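Engineer: Just passing along the structure, written as structure tokens.
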Amino acid sequence: MSREQVALFIRAIAQANPEPETELLYTDAFSLLVAVVMSAQATDAMVNKVTPGLFAAAPTPAAMAALGAEGIGQLIRRIGLWQGKARNVAALSQMLVERHGGEVPRDRASLEALPGVGRKTANVVLNVMFGEPTMAVDTHIFRLGNRTGLAPGKNVREVEDGLVRRIPPELLRDSHHWLILHGRYICKARLPECWRCQAEPYCNYRDKVLRPPSRA
């Protein structure tokens, strides 16, 4: 896409959701961080089924560290990779207590130093909690970046850098949510629903699906 197309595309999908928000349930920076760690290879809907009970049992880093990996694991067994996630959440909670006074740090380096926290998770926390214009590239955004021509790339970092470079600065922070939700509900992996996409006129996808499949 040209830069003009990018701006038109983003503004078009923004019309459907002027004030986008993450679908993960959270109340503060710590609960958001834990929820995002839990969401790796799991749906937000499934994460939201287990985190209320977890946060009720351990609402702070100190309480979570005291609960430990075994205690955390008992509360999150319904989500994928729960054993590794339990260990990471216990360890990152302990590190928050020991190194950050029980607070979630606001800088990328400190966030990425926490167990289970990579660039994508750090980007989500910086964006949602601290208002930074970051772009967390998940499978949906990676697909959109390549399928539509927004920001083609061979890996998530290439797509992230392309989006940050090409999306108008005033739209960048909310674009993280707009693109995720657009990929989740309209520009789907198996069958993009181009017939109901407001941004279709600006999209460079060659195999647009402009009619819903017939139900014979």
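In the structure tokens, chains take the letters A, B, ... in the order shown, each chain's residues start at 1, and ligands count up from 1 in the order shown.
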Would you please give, as a PyMOL selection string, all residues of range 13-106 of chain A that DSSP assigns to helix (DSSP H, G or I) based on the backbone?
Structural biologist: chain A and resi 13-14+29-38+44-57+61-75+82-100
Engineer: Deliver the residues from the most recent selection as a file, using C-alpha atoms, as a PDB file, in the first residue's frame.
Structural biologist:
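Result file follows (out_15.pdb):
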ATOM      1  CA  ILE A  13     -11.649   0.338  10.153  1.00  0.00           C
ATOM      2  CA  ALA A  14     -11.557   2.900  12.961  1.00  0.00           C
ATOM      3  CA  ALA A  29      -0.814  -2.936  35.199  1.00  0.00           C
ATOM      4  CA  PHE A  30      -0.048  -6.172  37.036  1.00  0.00           C
ATOM      5  CA  SER A  31      -3.274  -7.941  36.080  1.00  0.00           C
ATOM      6  CA  LEU A  32      -2.831  -6.773  32.464  1.00  0.00           C
ATOM      7  CA  LEU A  33       0.737  -8.091  32.380  1.00  0.00           C
ATOM      8  CA  VAL A  34      -0.320 -11.483  33.733  1.00  0.00           C
ATOM      9  CA  ALA A  35      -3.291 -11.688  31.371  1.00  0.00           C
ATOM     10  CA  VAL A  36      -1.105 -10.968  28.345  1.00  0.00           C
ATOM     11  CA  VAL A  37       1.428 -13.599  29.432  1.00  0.00           C
ATOM     12  CA  MET A  38      -1.483 -16.039  29.780  1.00  0.00           C
ATOM     13  CA  ASP A  44      -8.638 -13.889  25.081  1.00  0.00           C
ATOM     14  CA  ALA A  45     -11.988 -15.498  25.849  1.00  0.00           C
ATOM     15  CA  MET A  46     -10.327 -18.507  27.470  1.00  0.00           C
ATOM     16  CA  VAL A  47      -7.886 -16.321  29.418  1.00  0.00           C
ATOM     17  CA  ASN A  48     -10.831 -14.303  30.716  1.00  0.00           C
ATOM     18  CA  LYS A  49     -12.363 -17.489  32.101  1.00  0.00           C
ATOM     19  CA  VAL A  50      -9.407 -18.248  34.368  1.00  0.00           C
ATOM     20  CA  THR A  51      -7.946 -14.889  35.368  1.00  0.00           C
ATOM     21  CA  PRO A  52     -10.815 -13.624  37.585  1.00  0.00           C
ATOM     22  CA  GLY A  53     -10.300 -16.525  39.956  1.00  0.00           C
ATOM     23  CA  LEU A  54      -6.544 -16.147  39.787  1.00  0.00           C
ATOM     24  CA  PHE A  55      -6.638 -12.418  40.558  1.00  0.00           C
ATOM     25  CA  ALA A  56      -9.123 -12.957  43.363  1.00  0.00           C
ATOM     26  CA  ALA A  57      -6.652 -15.357  44.975  1.00  0.00           C
ATOM     27  CA  PRO A  61       2.793  -9.503  42.790  1.00  0.00           C
ATOM     28  CA  ALA A  62       3.596 -10.417  46.393  1.00  0.00           C
ATOM     29  CA  ALA A  63       0.454 -12.523  46.719  1.00  0.00           C
ATOM     30  CA  MET A  64       1.094 -14.161  43.340  1.00  0.00           C
ATOM     31  CA  ALA A  65       4.677 -14.997  44.264  1.00  0.00           C
ATOM     32  CA  ALA A  66       3.452 -16.488  47.541  1.00  0.00           C
ATOM     33  CA  LEU A  67       0.900 -18.592  45.660  1.00  0.00           C
ATOM     34  CA  GLY A  68       3.761 -20.088  43.641  1.00  0.00           C
ATOM     35  CA  ALA A  69       3.774 -21.992  40.399  1.00  0.00           C
ATOM     36  CA  GLU A  70       1.848 -24.941  41.828  1.00  0.00           C
ATOM     37  CA  GLY A  71      -0.911 -22.767  43.266  1.00  0.00           C
ATOM     38  CA  ILE A  72      -1.160 -20.702  40.111  1.00  0.00           C
ATOM     39  CA  GLY A  73      -1.260 -23.834  37.994  1.00  0.00           C
ATOM     40  CA  GLN A  74      -4.272 -25.188  39.859  1.00  0.00           C
ATOM     41  CA  LEU A  75      -6.214 -22.062  38.884  1.00  0.00           C
ATOM     42  CA  TRP A  82      -0.568 -23.736  31.655  1.00  0.00           C
ATOM     43  CA  GLN A  83       2.421 -25.316  33.391  1.00  0.00           C
ATOM     44  CA  GLY A  84       4.991 -23.051  31.748  1.00  0.00           C
ATOM     45  CA  LYS A  85       2.752 -20.034  32.204  1.00  0.00           C
ATOM     46  CA  ALA A  86       2.336 -20.809  35.898  1.00  0.00           C
ATOM     47  CA  ARG A  87       6.104 -20.947  36.348  1.00  0.00           C
ATOM     48  CA  ASN A  88       6.599 -17.696  34.440  1.00  0.00           C
ATOM     49  CA  VAL A  89       3.903 -15.813  36.336  1.00  0.00           C
ATOM     50  CA  ALA A  90       5.299 -16.955  39.670  1.00  0.00           C
ATOM     51  CA  ALA A  91       8.838 -15.974  38.654  1.00  0.00           C
ATOM     52  CA  LEU A  92       7.922 -12.603  37.159  1.00  0.00           C
ATOM     53  CA  SER A  93       5.865 -11.778  40.260  1.00  0.00           C
ATOM     54  CA  GLN A  94       8.855 -12.549  42.478  1.00  0.00           C
ATOM     55  CA  MET A  95      11.069 -10.379  40.281  1.00  0.00           C
ATOM     56  CA  LEU A  96       8.594  -7.499  40.455  1.00  0.00           C
ATOM     57  CA  VAL A  97       8.735  -7.692  44.246  1.00  0.00           C
ATOM     58  CA  GLU A  98      12.507  -7.980  44.457  1.00  0.00           C
ATOM     59  CA  ARG A  99      13.570  -5.522  41.738  1.00  0.00           C
ATOM     60  CA  HIS A 100      10.684  -3.129  41.215  1.00  0.00           C
TER      61      HIS A 100
END
Engineer: Given only C-alpha atoms, how would the per-residue table for range 7-93 of chain A near range 198-211 of chain A read, listing every residue at most 12 Å away with its closest atom pair and distance in Å to one decimal, sorted by chain and number, as CSV?
Structural biologist:
residue,atom,partner,partner_atom,distance
A:Ala7,CA,A:Tyr202,CA,9.3
A:Leu8,CA,A:Tyr202,CA,6.8
A:Phe9,CA,A:Ala199,CA,5.0
A:Ile10,CA,A:Ala199,CA,7.6
A:Arg11,CA,A:Ala199,CA,8.2
A:Ala12,CA,A:Ala199,CA,5.1
A:Ile13,CA,A:Ala199,CA,6.0
A:Ala14,CA,A:Gln198,CA,9.2
A:Gln15,CA,A:Gln198,CA,8.3
A:Ala16,CA,A:Gln198,CA,8.2
A:Asn17,CA,A:Gln198,CA,11.5
Engineer: Return the single residue from A:Arg108, A:Ala136, A:Lys188, A:Met129 that is closest to Ser175 in chain A, with distances computed using only C-alpha atoms.
Structural biologist: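 Of A:Arg108, A:Ala136, A:Lys188, A:Met129, the one nearest Ser175 in chain A, counting only C-alpha atoms, is A:Ala136.
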Engineer: Just how far from CA of Asp161 in chain A is CA of Pro18 in chain A, in Å to one decimal?
Structural biologist: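 Those two atoms sit 24.0 Å apart.
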Engineer: From the set A:Arg147, A:Pro168, A:Leu81, A:Ala40, which residue has the shortest atom-to-atom contact distance to Gly118 in chain A, counting only C-alpha atoms?
Structural biologist: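 Residue with the minimum atom-to-atom distance to Gly118 in chain A: A:Ala40.
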Engineer: From the list A:Leu172, A:Glu21, A:Ile180, A:Val137, which residue is nearest Glu160 in chain A when using only C-alpha atoms?
Structural biologist: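 Checking each candidate against Glu160 in chain A, we get A:Val137 as the closest.
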Engineer: Out of A:Leu114, A:Val156, A:Ala122, A:Ile167, which residue has the shortest atom-to-atom distance to Ile141 in chain A when counting only C-alpha atoms?
Structural biologist: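 Closest to Ile141 in chain A of all the choices is A:Val156.
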Engineer: What does the structure give for the distance between CA of Gln41 in chain A and CA of Asp138 in chain A, in Å to one decimal?
Structural biologist: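 These atoms are spaced 10.0 Å apart.
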Engineer: Any idea what the distance is between CA of His176 in chain A and CA of Met135 in chain A?
Structural biologist: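 That distance, rounded to one decimal, is 5.4 Å.
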